Amino acid sequence: MSRPPDRILSSRRLAEARVHAQAGRLPQALEAARAAVDADPDNLDALSIWGVAAAELGRFAEALQPLTRAADNMPPGSVGWVNLTSQLARVLSNVGFWAEAVRRAEAAAALDPPDPPARQRLGAALARVGLTERGLPHLQWAAEARPDLPEAQLELGVAYLTLGRLEEAEAALEAAIALAPSWVQPHLSLAAMRRWTPETAHVERLNALREDPAVDRFDRAAAGFSLFKELNDVGRDEEAWPVLEESNRVLRERDGPWSADADRALTEALIETYPKARFAGGPAAEAPEGTERTPIFVVGLPRSGTTLVERILASHSQVAPMGEAPTFPLQFRAVSTAADRRALTPEVVRGTAGADWASVADAYRSETAFLGGGARFVTDKLPANSLLAGPIRLAFPQARIVHLRRDPMDTLYSCYRVQFAGLYGWSHDLQDMAAHYANHLRLMDHWREALGDGLIEVSYEALTRDPEAQVRRLLDACGLPFEPACLTPHRTAGAVRTASIVQVRRPISDASVGGWRRYERRLEPLRARLEALDALRP
């Protein structure tokens, strides 16, 4: 039996939450609002403060429930409803519920809300789920209505950047920096947008930001990735490497210890739950032409060339990109019988042994139906899907699964120099990277044996050195006729929201092959550990 609400206590805690929120003390506002909801679960004002505070702190999973409850219990179309719905759309886009994010965002956007922060959040949510062109007008409106709002300038700059409109992106990002010089995010986006020269680099500004004691130490560490990038661009290698090492060391503290044993246990659970025998029949017959679109899953470690292959395929007249959709891992976890399904664990994997794969496929199609238009083929480029190549085959017998293979030293060096915002805990330490790569290699060897020709292998080095031969081979394996546009993916319009955002705007090139050798002495511990693990192969 639930206890009766204590509205007096709830009111007291709500008053505290409002004071903290107005003063900008978001952690304290969140705790007070959560206590108010605990005392009275129907306190909509407390739910709103709790959800908004959690969202602004980047605690999106926590923000989801209070924002949903608050928005669903407010009069649709009211000012409060619009503000909460814009926050909710942003949260949904970040936790992976893309279809619901679009539904919520478009319901609020249809009212043309006059509040610039709300319009900015709606535009950002649409951009986050791959609808940058639809989100851009909202971001432009917000930035014009409130030119003093750094968040609006940042989101506008990122949108321009993903669309390849670099001059406009630079102007918006510089505007955000001028408004909030110690805010790290626009510096990160700006540094990534091109190769800087000694005359154009922002080394002094980044050094000052990295050494500012008023800036959070984790933000200072994040700024170090931008500083490394620009020092590297201008050839100041001896200064650059210590900055990168220090930044990774600090962010490893932030993200928590990564466990090679846990990573190995997950690999073993996948191999044991999805043995080769489960795929003995091979892919099912092709679906009749025109009955449904065919997904092409592009998998591989981050920085292995997956974005390049996605852009090559997206240049084809029959293919549309869906970006890094988080949908399949979400649906995979959803059908597990494990009690805790918040993360991909051995228990979650084992709990999917008896899954109804047709229902998984149906849910995936429903969640991604808004992406890709009427294209016959759609790409789904999420590196984490490497773990789930076997389950993907069970859910989608007709799907193409393209696996990128790249020299591990180039791949891992490239991962080490990118700030992944907590996505890959193994990427902050050379020994951790080697251990993870060995597990990745073992799992992909298993999927290769299990899926046979159902796994389309692409070598990054071969692709960049002989593009036409490799593109023809890739298209043929996917069941697509050759089209010359696939050889010039840098000319293909469309948004790109990955760490390769700038590289893929250039012609296909092998310029980065062997790039790790620039820091060969510094990376020797990684090479030696990979050799000891018998993992020095793509």
# chains A, B, ... in the order shown; residues from 1 in each chain; ligands from 1

call {"tool": "residues_around", "arguments": {"residues": "Val378 (chain A)", "least_positions_apart": "3", "cutoff": "9 Å", "atoms": "only C-alpha atoms", "output": "list in words"}}
result
Arg293, Thr294, Pro295, Ile296, Phe297, Leu313, Ala314, Gln318, Val319, Ala320, Pro321, Met322, Leu371, Gly372 and Ala375 of chain A

call {"tool": "write_last_selection", "arguments": {"atoms": "C-alpha atoms", "output": "mmCIF file, in the first residue's frame"}}
result
data_model
loop_
_atom_site.group_PDB
_atom_site.id
_atom_site.type_symbol
_atom_site.label_atom_id
_atom_site.label_comp_id
_atom_site.auth_asym_id
_atom_site.auth_seq_id
_atom_site.Cartn_x
_atom_site.Cartn_y
_atom_site.Cartn_z
ATOM 1 C CA ARG A 293 13.634 -1.319 -47.477
ATOM 2 C CA THR A 294 16.845 -3.131 -46.730
ATOM 3 C CA PRO A 295 19.151 -1.930 -43.950
ATOM 4 C CA ILE A 296 22.892 -1.843 -44.463
ATOM 5 C CA PHE A 297 24.587 -1.977 -41.073
ATOM 6 C CA LEU A 313 26.916 4.303 -49.817
ATOM 7 C CA ALA A 314 24.855 7.465 -49.219
ATOM 8 C CA GLN A 318 19.149 3.942 -53.997
ATOM 9 C CA VAL A 319 20.607 4.536 -50.527
ATOM 10 C CA ALA A 320 19.759 6.978 -47.734
ATOM 11 C CA PRO A 321 21.769 7.356 -44.501
ATOM 12 C CA MET A 322 20.199 7.092 -41.046
ATOM 13 C CA LEU A 371 14.425 8.276 -41.464
ATOM 14 C CA GLY A 372 15.610 7.587 -44.984
ATOM 15 C CA ALA A 375 14.949 4.823 -50.244
#

call {"tool": "closest_atom_pairs", "arguments": {"of": "region 298-372 of chain A", "to": "region 416-439 of chain A", "cutoff": "12 Å", "atoms": "only C-alpha atoms", "output": "tab-separated table"}}
result
residue	atom	partner	partner_atom	distance
A:Gly300	CA	A:Tyr437	CA	11.0
A:Leu301	CA	A:Tyr437	CA	8.6
A:Pro302	CA	A:Tyr424	CA	9.2
A:Arg303	CA	A:Val418	CA	9.2
A:Ser304	CA	A:Tyr437	CA	11.9

call {"tool": "select_by_dssp", "arguments": {"residues": "region 226-448 of chain A", "states": "alpha helix (DSSP H)", "output": "ChimeraX atom specification"}}
result
/A:226-233,237-255,260-273,306-314,327-334,346-350,357-368,389-395,408-416,430-448

call {"tool": "residues_around", "arguments": {"residues": "Val458 (chain A)", "least_positions_apart": "5", "cutoff": "9 Å", "atoms": "only C-alpha atoms", "output": "JSON, numbers by chain"}}
result
{"A": [309, 402, 403, 404, 405, 406, 463, 470, 474]}

call {"tool": "decode", "arguments": {"residues": "region 176-240 of chain A", "atoms": "C-alpha atoms", "output": "PDB file, in the first residue's frame"}}
result
ATOM      1  CA  ALA A 176      29.412  31.410 -28.839  1.00  0.00           C
ATOM      2  CA  ILE A 177      33.012  31.678 -27.594  1.00  0.00           C
ATOM      3  CA  ALA A 178      32.780  35.476 -27.455  1.00  0.00           C
ATOM      4  CA  LEU A 179      29.643  35.197 -25.309  1.00  0.00           C
ATOM      5  CA  ALA A 180      30.998  32.423 -23.047  1.00  0.00           C
ATOM      6  CA  PRO A 181      34.820  32.255 -23.313  1.00  0.00           C
ATOM      7  CA  SER A 182      35.209  29.581 -20.622  1.00  0.00           C
ATOM      8  CA  TRP A 183      32.547  27.257 -22.065  1.00  0.00           C
ATOM      9  CA  VAL A 184      34.484  24.342 -23.524  1.00  0.00           C
ATOM     10  CA  GLN A 185      32.044  22.875 -26.050  1.00  0.00           C
ATOM     11  CA  PRO A 186      32.306  25.515 -28.804  1.00  0.00           C
ATOM     12  CA  HIS A 187      36.106  25.347 -28.584  1.00  0.00           C
ATOM     13  CA  LEU A 188      35.920  21.578 -29.180  1.00  0.00           C
ATOM     14  CA  SER A 189      33.709  21.965 -32.239  1.00  0.00           C
ATOM     15  CA  LEU A 190      35.803  24.790 -33.662  1.00  0.00           C
ATOM     16  CA  ALA A 191      39.107  22.947 -33.334  1.00  0.00           C
ATOM     17  CA  ALA A 192      37.704  19.937 -35.182  1.00  0.00           C
ATOM     18  CA  MET A 193      36.380  21.814 -38.187  1.00  0.00           C
ATOM     19  CA  ARG A 194      39.569  22.192 -40.245  1.00  0.00           C
ATOM     20  CA  ARG A 195      43.339  21.876 -40.235  1.00  0.00           C
ATOM     21  CA  TRP A 196      44.717  25.039 -38.650  1.00  0.00           C
ATOM     22  CA  THR A 197      47.896  26.908 -39.539  1.00  0.00           C
ATOM     23  CA  PRO A 198      50.270  28.839 -37.263  1.00  0.00           C
ATOM     24  CA  GLU A 199      48.473  32.009 -38.356  1.00  0.00           C
ATOM     25  CA  THR A 200      44.918  30.771 -37.722  1.00  0.00           C
ATOM     26  CA  ALA A 201      45.303  28.374 -34.765  1.00  0.00           C
ATOM     27  CA  HIS A 202      43.901  29.202 -31.333  1.00  0.00           C
ATOM     28  CA  VAL A 203      46.737  27.737 -29.262  1.00  0.00           C
ATOM     29  CA  GLU A 204      47.083  30.644 -26.831  1.00  0.00           C
ATOM     30  CA  ARG A 205      43.344  30.819 -26.237  1.00  0.00           C
ATOM     31  CA  LEU A 206      43.111  27.082 -25.649  1.00  0.00           C
ATOM     32  CA  ASN A 207      46.135  27.116 -23.355  1.00  0.00           C
ATOM     33  CA  ALA A 208      44.496  29.837 -21.276  1.00  0.00           C
ATOM     34  CA  LEU A 209      41.259  27.866 -21.076  1.00  0.00           C
ATOM     35  CA  ARG A 210      43.069  24.679 -20.101  1.00  0.00           C
ATOM     36  CA  GLU A 211      44.935  26.472 -17.294  1.00  0.00           C
ATOM     37  CA  ASP A 212      41.984  28.500 -15.947  1.00  0.00           C
ATOM     38  CA  PRO A 213      41.325  27.296 -12.367  1.00  0.00           C
ATOM     39  CA  ALA A 214      37.775  28.653 -12.553  1.00  0.00           C
ATOM     40  CA  VAL A 215      36.934  26.050 -15.208  1.00  0.00           C
ATOM     41  CA  ASP A 216      35.942  22.551 -14.083  1.00  0.00           C
ATOM     42  CA  ARG A 217      38.938  20.206 -14.256  1.00  0.00           C
ATOM     43  CA  PHE A 218      37.125  17.758 -16.516  1.00  0.00           C
ATOM     44  CA  ASP A 219      36.230  20.582 -18.882  1.00  0.00           C
ATOM     45  CA  ARG A 220      39.870  21.682 -18.848  1.00  0.00           C
ATOM     46  CA  ALA A 221      40.845  18.124 -19.730  1.00  0.00           C
ATOM     47  CA  ALA A 222      38.334  18.090 -22.581  1.00  0.00           C
ATOM     48  CA  ALA A 223      39.833  21.335 -23.871  1.00  0.00           C
ATOM     49  CA  GLY A 224      43.159  19.519 -24.000  1.00  0.00           C
ATOM     50  CA  PHE A 225      41.921  17.425 -26.917  1.00  0.00           C
ATOM     51  CA  SER A 226      41.339  20.597 -28.910  1.00  0.00           C
ATOM     52  CA  LEU A 227      44.730  21.943 -27.882  1.00  0.00           C
ATOM     53  CA  PHE A 228      46.396  18.690 -28.972  1.00  0.00           C
ATOM     54  CA  LYS A 229      44.559  18.869 -32.296  1.00  0.00           C
ATOM     55  CA  GLU A 230      45.753  22.388 -33.038  1.00  0.00           C
ATOM     56  CA  LEU A 231      49.311  21.843 -31.770  1.00  0.00           C
ATOM     57  CA  ASN A 232      49.422  18.738 -33.952  1.00  0.00           C
ATOM     58  CA  ASP A 233      48.116  20.743 -36.916  1.00  0.00           C
ATOM     59  CA  VAL A 234      50.936  23.274 -36.630  1.00  0.00           C
ATOM     60  CA  GLY A 235      53.676  20.700 -36.046  1.00  0.00           C
ATOM     61  CA  ARG A 236      54.386  21.307 -32.349  1.00  0.00           C
ATOM     62  CA  ASP A 237      54.444  17.576 -31.583  1.00  0.00           C
ATOM     63  CA  GLU A 238      56.626  17.653 -28.464  1.00  0.00           C
ATOM     64  CA  GLU A 239      54.183  20.058 -26.807  1.00  0.00           C
ATOM     65  CA  ALA A 240      51.138  18.216 -28.092  1.00  0.00           C
TER      66      ALA A 240
END
